[in-house]
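Student: File follows, work.txt with compact mmCIF, C-alpha atoms and all ligand atoms:
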# COMPACT_ATOMS: atom_id res chain seq x y z
CA MET A 186 -91.42 8.24 -124.43
CA THR A 187 -92.88 6.17 -121.66
CA SER A 188 -92.52 8.30 -118.53
CA HIS A 189 -94.16 11.55 -119.60
CA PHE A 190 -96.59 13.48 -117.38
CA VAL A 191 -99.98 11.81 -116.92
CA PRO A 192 -102.54 13.91 -115.02
CA PRO A 193 -103.96 12.02 -112.01
CA ALA A 194 -107.70 11.26 -111.94
CA ASN A 195 -108.55 14.31 -109.83
CA TYR A 196 -106.22 16.73 -111.64
CA THR A 197 -107.76 20.18 -112.07
CA PHE A 198 -107.12 21.52 -115.57
CA PRO A 199 -106.97 25.34 -115.76
CA SER A 200 -110.04 27.06 -117.20
CA VAL A 201 -109.73 29.51 -120.07
CA TYR A 202 -112.46 31.91 -121.20
CA MET A 203 -113.24 30.92 -124.80
CA ASN A 204 -116.21 31.61 -127.07
CA GLY A 205 -118.41 33.00 -124.30
CA CYS A 206 -117.67 30.57 -121.48
CA ASN A 207 -114.90 28.95 -119.45
CA ARG A 208 -113.45 25.83 -121.03
CA GLU A 209 -110.73 23.43 -120.01
CA PHE A 210 -109.05 20.25 -121.20
CA LYS A 211 -110.77 16.96 -120.29
CA SER A 212 -108.86 13.84 -119.29
CA SER A 213 -111.32 11.70 -121.33
CA TRP A 214 -109.48 12.87 -124.49
CA LEU A 215 -106.29 11.30 -123.15
CA LYS A 216 -108.13 7.99 -122.74
CA LYS A 217 -109.60 8.16 -126.24
CA TYR A 218 -106.29 8.99 -127.99
CA ASN A 219 -103.38 7.13 -126.39
CA TRP A 220 -100.83 9.15 -128.41
CA LEU A 221 -101.98 12.41 -126.81
CA VAL A 222 -99.94 14.02 -124.00
CA TYR A 223 -100.88 17.00 -121.86
CA SER A 224 -98.28 19.61 -120.79
CA PRO A 225 -99.20 21.34 -117.50
CA SER A 226 -96.64 24.11 -118.04
CA LEU A 227 -98.00 24.99 -121.51
CA ASP A 228 -101.64 24.01 -120.79
CA GLY A 229 -101.81 22.34 -124.19
CA VAL A 230 -101.66 18.93 -125.81
CA LEU A 231 -99.20 17.38 -128.24
CA CYS A 232 -99.02 14.19 -130.23
CA LEU A 233 -96.23 12.32 -128.44
CA HIS A 234 -95.04 10.49 -131.55
CA CYS A 235 -95.33 13.30 -134.13
CA ALA A 236 -93.67 15.84 -131.80
CA ILE A 237 -90.52 13.68 -131.77
CA PHE A 238 -90.53 11.56 -134.93
CA SER A 239 -92.53 13.54 -137.49
CA ASP A 240 -90.98 14.01 -140.96
CA ASN A 241 -91.15 17.36 -142.81
CA ARG A 242 -92.05 19.01 -139.55
CA LYS A 243 -91.69 22.57 -140.88
CA GLN A 244 -95.06 22.24 -142.58
CA LYS A 245 -96.80 20.98 -139.45
CA GLY A 246 -98.47 23.16 -136.87
CA ALA A 247 -100.27 22.49 -133.60
CA LEU A 248 -99.95 19.06 -131.95
CA VAL A 249 -96.53 18.61 -133.64
CA ASN A 250 -94.49 21.81 -133.42
CA ARG A 251 -96.55 23.59 -130.79
CA PRO A 252 -99.18 22.59 -128.23
CA PHE A 253 -102.84 22.66 -129.23
CA ASN A 254 -105.11 24.49 -126.76
CA LYS A 255 -108.21 25.61 -128.66
CA TRP A 256 -110.53 23.45 -126.58
CA THR A 257 -113.62 24.38 -128.64
CA LYS A 258 -112.14 22.67 -131.71
CA ILE A 259 -110.26 19.83 -130.08
CA SER A 260 -112.61 16.94 -131.03
CA SER A 261 -112.35 17.55 -134.79
CA GLU A 262 -108.62 18.41 -134.58
CA LEU A 263 -107.73 15.14 -132.84
CA ALA A 264 -109.90 13.03 -135.17
CA ASP A 265 -108.25 14.66 -138.23
CA HIS A 266 -104.77 14.18 -136.78
CA ALA A 267 -105.35 10.48 -136.14
CA ASN A 268 -106.15 9.97 -139.84
CA ASN A 269 -102.98 11.67 -141.16
CA ALA A 270 -100.44 9.52 -142.99
CA TYR A 271 -97.49 11.31 -141.31
CA HIS A 272 -99.03 10.45 -137.93
CA SER A 273 -98.99 6.74 -138.82
CA ARG A 274 -95.36 7.00 -139.98
CA ALA A 275 -94.39 8.75 -136.74
CA MET A 276 -96.18 6.04 -134.72
CA SER A 277 -94.17 3.34 -136.52
CA ALA A 278 -90.89 5.22 -136.05
CA SER A 279 -91.66 5.71 -132.39
CA LYS A 280 -92.44 2.01 -131.85
CA LEU A 281 -89.22 1.02 -133.59
CA PHE A 282 -87.25 3.43 -131.41
CA VAL A 283 -88.75 2.10 -128.17
CA ASP A 284 -88.09 -1.50 -129.28
CA CYS A 285 -84.47 -0.65 -130.10
CA ILE A 286 -83.97 0.89 -126.67
CA ASN A 287 -85.71 -1.89 -124.75
CA LYS A 288 -84.19 -4.80 -126.69
CA PRO A 289 -81.16 -3.54 -128.63
CA GLU A 290 -79.89 -7.08 -129.10
CA LEU A 291 -82.79 -7.70 -131.49
CA THR A 292 -81.87 -4.89 -133.88
CA LEU A 293 -79.99 -5.77 -137.06
CA PRO A 294 -76.97 -3.43 -136.62
CA ASP A 295 -76.45 -4.84 -133.18
CA ARG A 296 -76.60 -8.45 -134.30
CA PHE A 297 -73.90 -7.89 -136.91
CA ASP A 298 -71.66 -5.58 -134.90
CA THR A 299 -70.02 -7.44 -132.01
CA THR A 300 -67.80 -4.44 -131.11
CA ARG A 301 -70.87 -2.32 -130.58
CA ARG A 302 -72.41 -5.01 -128.38
CA GLN A 303 -69.22 -5.29 -126.35
CA ARG A 304 -69.01 -1.53 -125.94
CA ARG A 305 -72.55 -1.38 -124.64
CA VAL A 306 -71.80 -4.03 -122.01
CA GLU A 307 -68.67 -2.13 -120.93
CA ASN A 308 -70.49 1.21 -120.78
CA ARG A 309 -73.20 -0.29 -118.61
CA HIS A 310 -70.56 -1.76 -116.30
CA ILE A 311 -68.86 1.64 -115.94
CA LEU A 312 -72.19 3.34 -115.29
CA LYS A 313 -72.97 0.76 -112.60
CA MET A 314 -69.68 1.54 -110.83
CA ILE A 315 -70.39 5.29 -111.00
CA ILE A 316 -73.89 4.73 -109.60
CA LYS A 317 -72.54 2.51 -106.82
CA ALA A 318 -70.02 5.22 -105.84
CA ILE A 319 -72.82 7.81 -105.69
CA LEU A 320 -75.02 5.43 -103.71
CA PHE A 321 -72.18 4.76 -101.26
CA CYS A 322 -71.64 8.50 -100.64
CA GLY A 323 -75.40 9.01 -100.27
CA LYS A 324 -75.85 6.13 -97.81
CA GLN A 325 -72.91 7.24 -95.67
CA CYS A 326 -74.01 10.92 -95.74
CA ILE A 327 -70.73 11.90 -97.38
CA ALA A 328 -70.63 15.09 -99.46
CA LEU A 329 -69.89 14.22 -103.08
CA ARG A 330 -68.16 17.30 -104.35
CA GLY A 331 -64.97 19.09 -103.41
CA ASP A 332 -63.63 22.44 -104.53
CA HIS A 333 -62.12 21.16 -107.77
CA GLU A 334 -64.16 19.06 -110.19
CA GLU A 335 -61.21 17.32 -111.80
CA MET A 336 -59.09 14.42 -110.64
CA SER A 337 -55.89 15.90 -112.02
CA GLY A 338 -54.32 19.09 -110.78
CA MET A 339 -54.33 20.83 -107.44
CA GLY A 340 -57.28 21.08 -105.09
CA ASN A 341 -59.71 18.67 -103.53
CA PRO A 342 -61.68 16.74 -106.18
CA GLY A 343 -64.29 15.66 -103.62
CA ASN A 344 -65.24 12.28 -102.20
CA PHE A 345 -67.07 10.94 -105.25
CA LEU A 346 -64.20 11.48 -107.71
CA SER A 347 -61.66 10.30 -105.13
CA LEU A 348 -63.65 7.11 -104.56
CA LEU A 349 -63.79 6.47 -108.32
CA SER A 350 -60.05 7.06 -108.47
CA ILE A 351 -59.45 4.36 -105.80
CA LEU A 352 -61.85 1.94 -107.52
CA SER A 353 -60.10 2.52 -110.84
CA GLU A 354 -56.89 1.12 -109.36
CA HIS A 355 -58.64 -2.26 -109.23
CA TYR A 356 -60.84 -2.04 -112.32
CA GLU A 357 -59.04 -1.55 -115.59
CA LEU A 358 -62.24 -0.70 -117.40
CA LEU A 359 -62.96 2.20 -115.05
CA GLN A 360 -59.33 3.30 -115.20
CA ARG A 361 -59.54 3.54 -119.01
CA HIS A 362 -62.79 5.47 -118.72
CA LEU A 363 -61.25 7.97 -116.28
CA GLN A 364 -57.95 8.41 -118.11
CA ALA A 365 -59.08 8.29 -121.74
CA PRO A 366 -62.87 8.27 -122.11
CA ARG A 367 -64.22 7.18 -125.50
CA ASP A 368 -66.60 10.11 -125.53
CA LYS A 369 -65.58 13.15 -123.49
CA SER A 370 -69.15 14.45 -123.50
CA ALA A 371 -70.48 11.23 -121.92
CA GLN A 372 -68.30 10.58 -118.89
CA TYR A 373 -71.26 10.57 -116.47
CA MET A 374 -69.30 12.22 -113.68
CA SER A 375 -70.27 15.91 -113.87
CA PRO A 376 -72.07 17.57 -110.93
CA GLN A 377 -75.25 17.70 -113.04
CA ILE A 378 -75.10 13.95 -113.70
CA GLN A 379 -74.35 13.30 -110.01
CA ASN A 380 -77.49 15.27 -109.09
CA GLU A 381 -79.59 13.52 -111.73
CA LEU A 382 -78.44 10.09 -110.62
CA LEU A 383 -79.10 11.00 -106.97
CA SER A 384 -82.56 12.17 -107.94
CA VAL A 385 -83.25 8.92 -109.86
CA LEU A 386 -81.96 6.85 -106.93
CA SER A 387 -84.09 8.78 -104.45
CA LYS A 388 -87.18 8.22 -106.62
CA MET A 389 -86.45 4.48 -106.76
CA ILE A 390 -86.00 4.29 -102.97
CA LEU A 391 -89.19 6.30 -102.42
CA ASN A 392 -91.12 4.06 -104.83
CA ASP A 393 -90.00 0.96 -102.92
CA ILE A 394 -91.12 2.56 -99.63
CA LEU A 395 -94.47 3.57 -101.16
CA LYS A 396 -95.04 0.04 -102.46
CA GLU A 397 -94.52 -1.29 -98.92
CA ILE A 398 -96.95 1.29 -97.51
CA ARG A 399 -99.58 0.36 -100.11
CA LYS A 400 -99.15 -3.28 -99.16
CA ALA A 401 -99.51 -2.40 -95.46
CA LYS A 402 -102.72 -0.50 -96.40
CA PHE A 403 -103.09 1.52 -93.17
CA PHE A 404 -100.60 4.16 -92.10
CA ALA A 405 -100.08 7.14 -89.81
CA ILE A 406 -98.82 10.60 -90.76
CA MET A 407 -96.26 12.71 -88.94
CA ALA A 408 -95.64 16.24 -90.16
CA ASP A 409 -93.92 19.38 -88.96
CA GLU A 410 -93.12 22.65 -90.64
CA ALA A 411 -89.89 24.58 -90.22
CA THR A 412 -88.26 27.62 -91.80
CA SER A 413 -84.98 27.08 -93.58
CA HIS A 414 -83.24 29.95 -95.41
CA ASN A 415 -86.49 31.96 -95.37
CA ASP A 416 -88.27 29.03 -97.00
CA GLU A 417 -91.15 27.29 -95.22
CA GLN A 418 -90.80 23.53 -95.53
CA LEU A 419 -93.18 20.84 -94.36
CA SER A 420 -91.50 17.53 -93.60
CA LEU A 421 -93.79 14.56 -94.10
CA CYS A 422 -93.12 11.14 -92.58
CA LEU A 423 -95.29 8.04 -92.66
CA ARG A 424 -95.46 5.29 -90.06
CA PHE A 425 -96.63 1.79 -90.93
CA VAL A 426 -96.15 -1.91 -90.17
CA ASP A 427 -94.25 -3.70 -92.93
CA GLU A 428 -94.56 -7.33 -94.04
CA GLY A 429 -91.97 -8.44 -91.45
CA LYS A 430 -94.20 -6.90 -88.71
CA ASN A 431 -91.65 -4.15 -88.11
CA ILE A 432 -92.92 -0.72 -87.17
CA ARG A 433 -91.36 1.65 -89.67
CA GLU A 434 -91.18 5.43 -89.81
CA GLU A 435 -90.09 6.69 -93.20
CA PHE A 436 -89.39 10.21 -94.41
CA ILE A 437 -91.35 10.87 -97.60
CA GLU A 438 -90.63 14.42 -98.71
CA PHE A 439 -90.19 18.11 -97.96
CA VAL A 440 -93.15 20.16 -99.25
CA HIS A 441 -92.62 23.85 -99.93
CA MET A 442 -95.29 25.94 -98.15
CA ASP A 443 -96.39 29.45 -99.12
CA ASN A 444 -98.86 29.57 -96.27
CA VAL A 445 -98.78 27.75 -92.92
CA SER A 446 -102.48 27.87 -92.03
CA GLY A 447 -104.10 24.59 -90.98
CA HIS A 448 -106.07 24.44 -94.23
CA SER A 449 -102.97 24.91 -96.44
CA ILE A 450 -100.90 22.34 -94.54
CA ALA A 451 -103.71 19.76 -94.63
CA THR A 452 -104.21 20.39 -98.37
CA ALA A 453 -100.46 19.98 -98.96
CA ILE A 454 -100.43 16.68 -97.02
CA LEU A 455 -103.47 15.30 -98.88
CA HIS A 456 -102.08 16.44 -102.24
CA SER A 457 -98.73 14.80 -101.50
CA LEU A 458 -100.44 11.50 -100.53
CA ASP A 459 -102.58 11.65 -103.65
CA GLU A 460 -99.53 12.25 -105.85
CA LYS A 461 -97.96 9.14 -104.38
CA GLN A 462 -101.13 7.13 -104.94
CA LEU A 463 -101.70 6.60 -101.24
CA ASP A 464 -105.33 6.47 -100.17
CA ALA A 465 -105.92 9.18 -97.54
CA THR A 466 -108.93 7.26 -96.19
CA HIS A 467 -106.44 4.65 -94.92
CA ILE A 468 -104.84 7.12 -92.49
CA ARG A 469 -105.37 5.73 -89.00
CA ALA A 470 -103.31 8.15 -86.89
CA GLN A 471 -101.84 11.60 -87.18
CA THR A 472 -99.34 13.36 -84.96
CA TYR A 473 -97.97 16.91 -84.99
CA ASP A 474 -96.68 19.53 -82.57
CA GLY A 475 -99.13 21.39 -80.36
CA ALA A 476 -99.42 24.54 -82.54
CA ALA A 477 -103.03 25.62 -83.14
CA ALA A 478 -102.64 25.34 -86.92
CA MET A 479 -101.86 21.64 -86.49
CA SER A 480 -103.78 20.54 -83.40
CA SER A 481 -106.93 22.71 -83.29
CA GLU A 482 -110.15 20.70 -83.35
CA ASN A 483 -111.89 23.43 -85.34
CA VAL A 484 -109.35 24.82 -87.80
CA GLY A 485 -106.31 22.57 -87.44
CA VAL A 486 -104.76 20.09 -89.80
CA GLN A 487 -106.07 17.21 -87.67
CA LYS A 488 -109.68 18.31 -88.23
CA ARG A 489 -109.26 18.51 -92.01
CA ILE A 490 -107.56 15.10 -92.16
CA ARG A 491 -110.35 13.57 -90.04
CA GLU A 492 -112.89 14.93 -92.53
CA VAL A 493 -111.23 12.69 -95.13
CA SER A 494 -110.41 9.81 -92.80
CA PRO A 495 -112.62 9.89 -89.65
CA LEU A 496 -110.57 7.11 -88.01
CA ALA A 497 -107.34 9.13 -88.20
CA MET A 498 -106.82 9.60 -84.45
CA TYR A 499 -104.81 12.69 -83.49
CA SER A 500 -102.16 12.61 -80.78
CA HIS A 501 -99.69 15.26 -79.71
CA CYS A 502 -96.23 14.18 -80.98
CA ALA A 503 -94.42 12.34 -78.14
CA GLY A 504 -91.08 13.86 -79.18
CA HIS A 505 -92.50 17.40 -78.93
CA CYS A 506 -94.18 16.51 -75.60
CA LEU A 507 -90.90 15.28 -74.15
CA ASN A 508 -89.22 18.46 -75.33
CA LEU A 509 -91.90 20.59 -73.66
CA VAL A 510 -91.70 18.59 -70.42
CA ILE A 511 -87.93 19.12 -70.27
CA VAL A 512 -88.26 22.82 -71.11
CA HIS A 513 -90.77 23.31 -68.26
CA SER A 514 -88.77 21.15 -65.81
CA CYS A 515 -85.69 23.24 -66.47
CA LYS A 516 -87.48 26.33 -65.16
CA ILE A 517 -87.40 24.83 -61.61
CA PRO A 518 -84.63 26.83 -59.79
CA LEU A 519 -82.73 23.76 -58.57
CA VAL A 520 -82.60 22.23 -62.05
CA ARG A 521 -81.86 25.59 -63.67
CA ASN A 522 -78.92 26.23 -61.33
CA THR A 523 -77.54 22.74 -61.90
CA ILE A 524 -77.68 23.24 -65.67
CA ASP A 525 -76.00 26.64 -65.39
CA LYS A 526 -73.16 25.17 -63.33
CA MET A 527 -72.82 22.28 -65.76
CA LYS A 528 -72.62 24.72 -68.68
CA GLU A 529 -69.90 26.70 -66.90
CA VAL A 530 -67.86 23.59 -66.11
CA CYS A 531 -68.10 22.41 -69.75
CA LEU A 532 -66.99 25.82 -70.97
CA PHE A 533 -64.19 25.89 -68.37
CA PHE A 534 -62.66 22.71 -69.79
CA ASN A 535 -63.68 22.91 -73.46
CA TYR A 536 -62.41 26.44 -74.08
CA SER A 537 -58.93 25.93 -72.70
CA PRO A 538 -56.54 23.45 -74.35
CA LYS A 539 -54.46 23.50 -71.13
CA ARG A 540 -57.38 22.53 -68.87
CA GLU A 541 -58.70 20.01 -71.42
CA GLY A 542 -55.15 18.56 -71.52
CA LEU A 543 -55.14 18.24 -67.72
CA LEU A 544 -58.51 16.45 -67.75
CA LYS A 545 -57.26 14.07 -70.44
CA SER A 546 -54.11 13.28 -68.46
CA VAL A 547 -56.16 12.62 -65.29
CA ILE A 548 -58.45 10.25 -67.19
CA SER A 549 -55.59 8.46 -68.94
CA LYS A 550 -54.05 7.76 -65.51
CA GLU A 551 -57.28 6.51 -63.98
CA VAL A 552 -59.17 4.80 -66.79
CA LEU A 553 -58.33 1.91 -69.08
CA HIS A 554 -59.12 2.68 -72.74
CA ALA A 555 -59.27 6.39 -71.97
CA GLU A 556 -59.18 7.11 -75.72
CA LYS A 557 -62.81 5.89 -75.88
CA ARG A 558 -63.95 8.60 -73.46
CA LYS A 559 -66.70 10.70 -74.94
CA PRO A 560 -65.89 14.43 -74.98
CA LEU A 561 -67.86 16.99 -73.00
CA LEU A 562 -70.67 18.38 -75.14
CA ASN A 563 -72.15 21.85 -75.17
CA LEU A 564 -75.87 21.88 -74.42
CA CYS A 565 -78.11 22.00 -77.49
CA ALA A 566 -79.92 25.36 -77.55
CA THR A 567 -83.19 24.26 -79.19
CA ARG A 568 -83.73 20.50 -78.93
CA TRP A 569 -83.81 19.98 -75.19
CA ALA A 570 -84.26 16.21 -75.46
CA GLU A 571 -80.93 16.04 -77.29
CA ARG A 572 -79.19 17.28 -74.15
CA HIS A 573 -79.38 13.78 -72.72
CA SER A 574 -76.08 12.76 -74.34
CA ALA A 575 -74.44 15.96 -73.02
CA TYR A 576 -75.59 15.02 -69.49
CA SER A 577 -74.43 11.40 -69.78
CA HIS A 578 -70.98 12.48 -71.05
CA PHE A 579 -70.76 14.97 -68.20
CA TYR A 580 -71.76 12.32 -65.65
CA ALA A 581 -69.16 9.87 -67.01
CA SER A 582 -66.41 12.49 -66.62
CA TYR A 583 -67.68 14.01 -63.37
CA VAL A 584 -65.22 12.34 -60.95
CA TYR A 585 -62.25 13.20 -63.13
CA MET A 586 -63.36 16.80 -63.53
CA VAL A 587 -63.49 17.14 -59.71
CA TYR A 588 -60.00 15.64 -59.57
CA SER A 589 -58.75 18.07 -62.22
CA LEU A 590 -60.32 21.03 -60.43
CA GLU A 591 -58.56 19.94 -57.21
CA VAL A 592 -55.26 19.78 -59.09
CA ILE A 593 -55.80 23.31 -60.40
CA ALA A 594 -56.83 24.55 -56.92
CA THR A 595 -53.74 22.95 -55.33
CA ARG A 596 -51.53 24.60 -57.92
CA ILE A 597 -53.07 27.99 -57.27
CA ARG A 598 -52.69 27.52 -53.49
CA ALA A 599 -49.03 26.59 -53.98
CA MET A 600 -48.42 29.70 -56.08
CA ILE A 601 -50.02 31.91 -53.46
CA THR A 602 -47.92 30.29 -50.70
CA ARG A 603 -44.72 30.83 -52.72
CA ARG A 604 -45.62 34.45 -53.31
CA GLU A 605 -46.27 34.99 -49.58
CA THR A 606 -43.05 33.25 -48.51
CA GLY A 607 -40.97 34.98 -51.22
CA LEU A 608 -39.77 31.73 -52.87
CA PRO A 609 -38.79 31.97 -56.59
CA ARG A 610 -41.58 31.12 -59.03
CA GLN A 611 -41.30 27.75 -60.80
CA SER A 612 -42.07 28.24 -64.45
CA LYS A 613 -43.44 25.90 -67.09
CA MET A 614 -44.14 23.13 -64.63
CA HIS A 615 -45.60 20.09 -66.34
CA LEU A 616 -49.24 19.49 -65.45
CA GLY A 617 -48.57 15.85 -64.68
CA CYS A 618 -46.35 16.77 -61.74
CA TRP A 619 -49.41 18.13 -59.89
CA LEU A 620 -51.30 14.88 -60.21
CA PRO A 621 -49.82 13.05 -57.19
CA LEU A 622 -50.58 15.98 -54.88
CA PRO A 623 -54.30 15.56 -54.33
CA ALA A 624 -54.00 11.80 -53.78
CA SER A 625 -56.18 11.89 -50.69
CA ILE A 626 -59.21 13.40 -52.40
CA SER A 627 -62.35 11.42 -51.82
CA PHE A 628 -64.85 11.68 -54.66
CA CYS A 629 -68.47 12.15 -53.82
CA PRO A 630 -70.93 10.53 -56.21
CA LEU A 631 -73.39 12.69 -58.14
ZN ZN B 701 -99.39 12.36 -134.47
Taking this structure as input, can you express it in the form of structure tokens?
Tutor:
Amino acid sequence: MTSHFVPPANYTFPSVYMNGCNREFKSSWLKKYNWLVYSPSLDGVLCLHCAIFSDNRKQKGALVNRPFNKWTKISSELADHANNAYHSRAMSASKLFVDCINKPELTLPDRFDTTRRQRRVENRHILKMIIKAILFCGKQCIALRGDHEEMSGMGNPGNFLSLLSILSEHYELLQRHLQAPRDKSAQYMSPQIQNELLSVLSKMILNDILKEIRKAKFFAIMADEATSHNDEQLSLCLRFVDEGKNIREEFIEFVHMDNVSGHSIATAILHSLDEKQLDATHIRAQTYDGAAAMSSENVGVQKRIREVSPLAMYSHCAGHCLNLVIVHSCKIPLVRNTIDKMKEVCLFFNYSPKREGLLKSVISKEVLHAEKRKPLLNLCATRWAERHSAYSHFYASYVYMVYSLEVIATRIRAMITRRETGLPRQSKMHLGCWLPLPASISFCPL
């Protein structure tokens, strides 16, 4: 009743050819009649109260049972509707309904029925626990669902239901709700409800972020488009200084793109800001990758944004710059060869449990708290800047890898010697027994 669609001030209503010219709905009608609502999907208007609370609705037509869209006759139609007796009755019923929902404790049935009051308190408590479980999974980036959407029976019920199951061991109310719900059609645990609650939570979080940005007044935009599952998505982030003087970068949304020209991307960014009631003239900086569609001074996104906000300074995204610098540096033969060798060494250890086991045993002999050692990482194929952690893990293990390679080399040399001298082959020798052999190895630093 209260959160229906309200067209923003600059909303463009579709034009329809009618009685010799193009006509469209005007937002001034919404201001004049506060019971009127506009449906963008139907391009028509309805009376909010009559559409839901009207009596004898079979005899009613447009505005009640179907949207009204004959724009040439709208003035007289709305004036007539406002004077109808059934419209007044529907308005009263609607007000009563909203009051009952907002303040149920003031309604007569509720005042006399203590059981009903108690049940409402309990239901709200259960719903809070369900929401907290969903919020916990969301915050920790834990997938909610498993392969079996029931707590009983075989299969994995997923993290969300499992978490509720653990919580229910300590909350009798939740336990009763899980084991014997009062209303089986209102358990609030289905995948659809999980998605709806997640969507509501995300809107609340986004609204809080937007409030902070509006308070900060000035902000910068960061955007990049990427293809995911044949779907072009534009990720939009905003950077601002919050009340605590902290520089914040917040993700705002993914915008679906049909076209990735500079004009389309800039329009999508401005539309998104407008939807969120952020003033585009307060943009003070903008940063994207170096693609022409984004960075061009003539046709790029930056030019279009500067038309709206001339002080929105453009800079090439530092993250993308770093990536490009690393990509170009890696073309230098010395660096390229080093990376190739590093890749081979990582593969040599990572793809053999035996060799990885040897490396682990070398480290456990040499290093205290060896269990905290970070594993060797494969180099990231696309984000070059992310390779830093792979290099640092490699560097930390470098000395022990040399040691392990020496152990392997010594073992091979010993096998060759035995073969040449005709001694019987020792089988299944434990790796650890080779460790004392290369005791005199001196490690050279990187
Ligand atoms: Zn009405």
Student: Would you pick out the contacts of Pro199 of chain A at 10 Å or less, using all atoms listed in the file, so that residues sharing its chain but fewer than 3 positions from it are not included, and give the list as a ChimeraX atom specification?
Tutor: /A:196,207-210,225,228
Student: I want to know what sits within 8 Å of segment 276-280 of chain A, based on only C-alpha atoms, with residues of the same chain fewer than 2 positions away left out; could you give that as a ChimeraX atom specification?
Tutor: /A:234-235,238,272-274,282-284
Student: I need the residues from that last selection saved to file as a PDB file, in the coordinates of the input (with C-alpha atoms), if you can.
Tutor:
ATOM      1  CA  HIS A 234     -95.040  10.490-131.550  1.00  0.00           C
ATOM      2  CA  CYS A 235     -95.330  13.300-134.130  1.00  0.00           C
ATOM      3  CA  PHE A 238     -90.530  11.560-134.930  1.00  0.00           C
ATOM      4  CA  HIS A 272     -99.030  10.450-137.930  1.00  0.00           C
ATOM      5  CA  SER A 273     -98.990   6.740-138.820  1.00  0.00           C
ATOM      6  CA  ARG A 274     -95.360   7.000-139.980  1.00  0.00           C
ATOM      7  CA  PHE A 282     -87.250   3.430-131.410  1.00  0.00           C
ATOM      8  CA  VAL A 283     -88.750   2.100-128.170  1.00  0.00           C
ATOM      9  CA  ASP A 284     -88.090  -1.500-129.280  1.00  0.00           C
TER      10      ASP A 284
END
Student: Please produce, as CSV, a per-residue contact table for chain A versus ligand ZN 701 (chain B) (criterion: any atom at most 10 Å away, all atoms listed in the file considered), showing the nearest atom pair and its distance in Å to one decimal, sorted by chain then residue number.
Tutor:
residue,atom,partner,partner_atom,distance
A:Trp220,CA,B:ZN701,ZN,7.0
A:Leu221,CA,B:ZN701,ZN,8.1
A:Leu231,CA,B:ZN701,ZN,8.0
A:Cys232,CA,B:ZN701,ZN,4.6
A:Leu233,CA,B:ZN701,ZN,6.8
A:His234,CA,B:ZN701,ZN,5.6
A:Cys235,CA,B:ZN701,ZN,4.2
A:Ala236,CA,B:ZN701,ZN,7.2
A:Ile237,CA,B:ZN701,ZN,9.4
A:Phe238,CA,B:ZN701,ZN,8.9
A:Ser239,CA,B:ZN701,ZN,7.6
A:Leu248,CA,B:ZN701,ZN,7.2
A:Val249,CA,B:ZN701,ZN,6.9
A:Leu263,CA,B:ZN701,ZN,8.9
A:Asp265,CA,B:ZN701,ZN,9.9
A:His266,CA,B:ZN701,ZN,6.1
A:Ala267,CA,B:ZN701,ZN,6.5
A:Asn268,CA,B:ZN701,ZN,9.0
A:Asn269,CA,B:ZN701,ZN,7.6
A:Ala270,CA,B:ZN701,ZN,9.0
A:Tyr271,CA,B:ZN701,ZN,7.2
A:His272,CA,B:ZN701,ZN,4.0
A:Ser273,CA,B:ZN701,ZN,7.1
A:Arg274,CA,B:ZN701,ZN,8.7
A:Ala275,CA,B:ZN701,ZN,6.6
A:Met276,CA,B:ZN701,ZN,7.1
Student: Taking 6 positions as the minimum chain separation for residues in the same chain, which residues sit within 6 Å of segment 398-409 of chain A when counting all atoms listed in the file? Answer as a VMD selection string.
Tutor: chain A and resid 419 to 425 427 467 to 473
Student: Atom CA of Asn344 of chain A to atom CA of Gln377 of chain A: how many Å, to one decimal?
Tutor: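 Calculated distance between atom CA of Asn344 of chain A and atom CA of Gln377 of chain A is 15.7 Å.
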Student: Which neighbours of segment 392-395 of chain A fall inside 9 Å, counting only C-alpha atoms, when residues of the same chain fewer than 2 positions from it are skipped, and could you give them as a count of residues only?
Tutor: 13
Student: Need to verify the contact set: Ala451 of chain A, 7 Å, all atoms listed in the file, exclusion of same-chain residues closer than 5 positions in sequence. Can you return it as an mmCIF file with C-alpha atoms, in the coordinates of the input?
Tutor:
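Output file out-v2.cif follows:
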data_model
loop_
_atom_site.group_PDB
_atom_site.id
_atom_site.type_symbol
_atom_site.label_atom_id
_atom_site.label_comp_id
_atom_site.auth_asym_id
_atom_site.auth_seq_id
_atom_site.Cartn_x
_atom_site.Cartn_y
_atom_site.Cartn_z
ATOM 1 C CA VAL A 486 -104.760 20.090 -89.800
ATOM 2 C CA ARG A 489 -109.260 18.510 -92.010
ATOM 3 C CA ILE A 490 -107.560 15.100 -92.160
#
Student: Please determine, counting all atoms listed in the file, which residue among A:Val230, A:His573, A:Met203, A:Phe297 has the shortest atom-to-atom distance to Ile511 of chain A.
Tutor: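 The shortest atom-to-atom distance to Ile511 of chain A comes from A:His573.
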Student: One decimal, Å: what's the distance from atom CA of Ala264 of chain A over to atom CA of Val201 of chain A, could you say?
Tutor: 22.4 Å
Student: Using all atoms listed in the file, list the residues that have an atom at most 9 Å from (-99.1, 17.1, -77.6), coordinates as in the file, as a list in words.
Tutor: Thr472, Tyr473, Asp474, Gly475, Ala476, Ser480, Ser500, His501, Cys502, Ala503, Gly504, His505, Cys506 and Leu509 of chain A
Student: Kindly give the distance, in Å, that separates atom CA of Glu428 of chain A and atom CA of Met498 of chain A, rounded to a single decimal.
Tutor: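 Interatomic distance here is 23.0 Å.
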Student: Could you check which of A:Cys326, A:Leu363, A:Ile517, A:Ile316 is closest to Asn380 of chain A, using only C-alpha atoms?
Tutor: A:Ile316
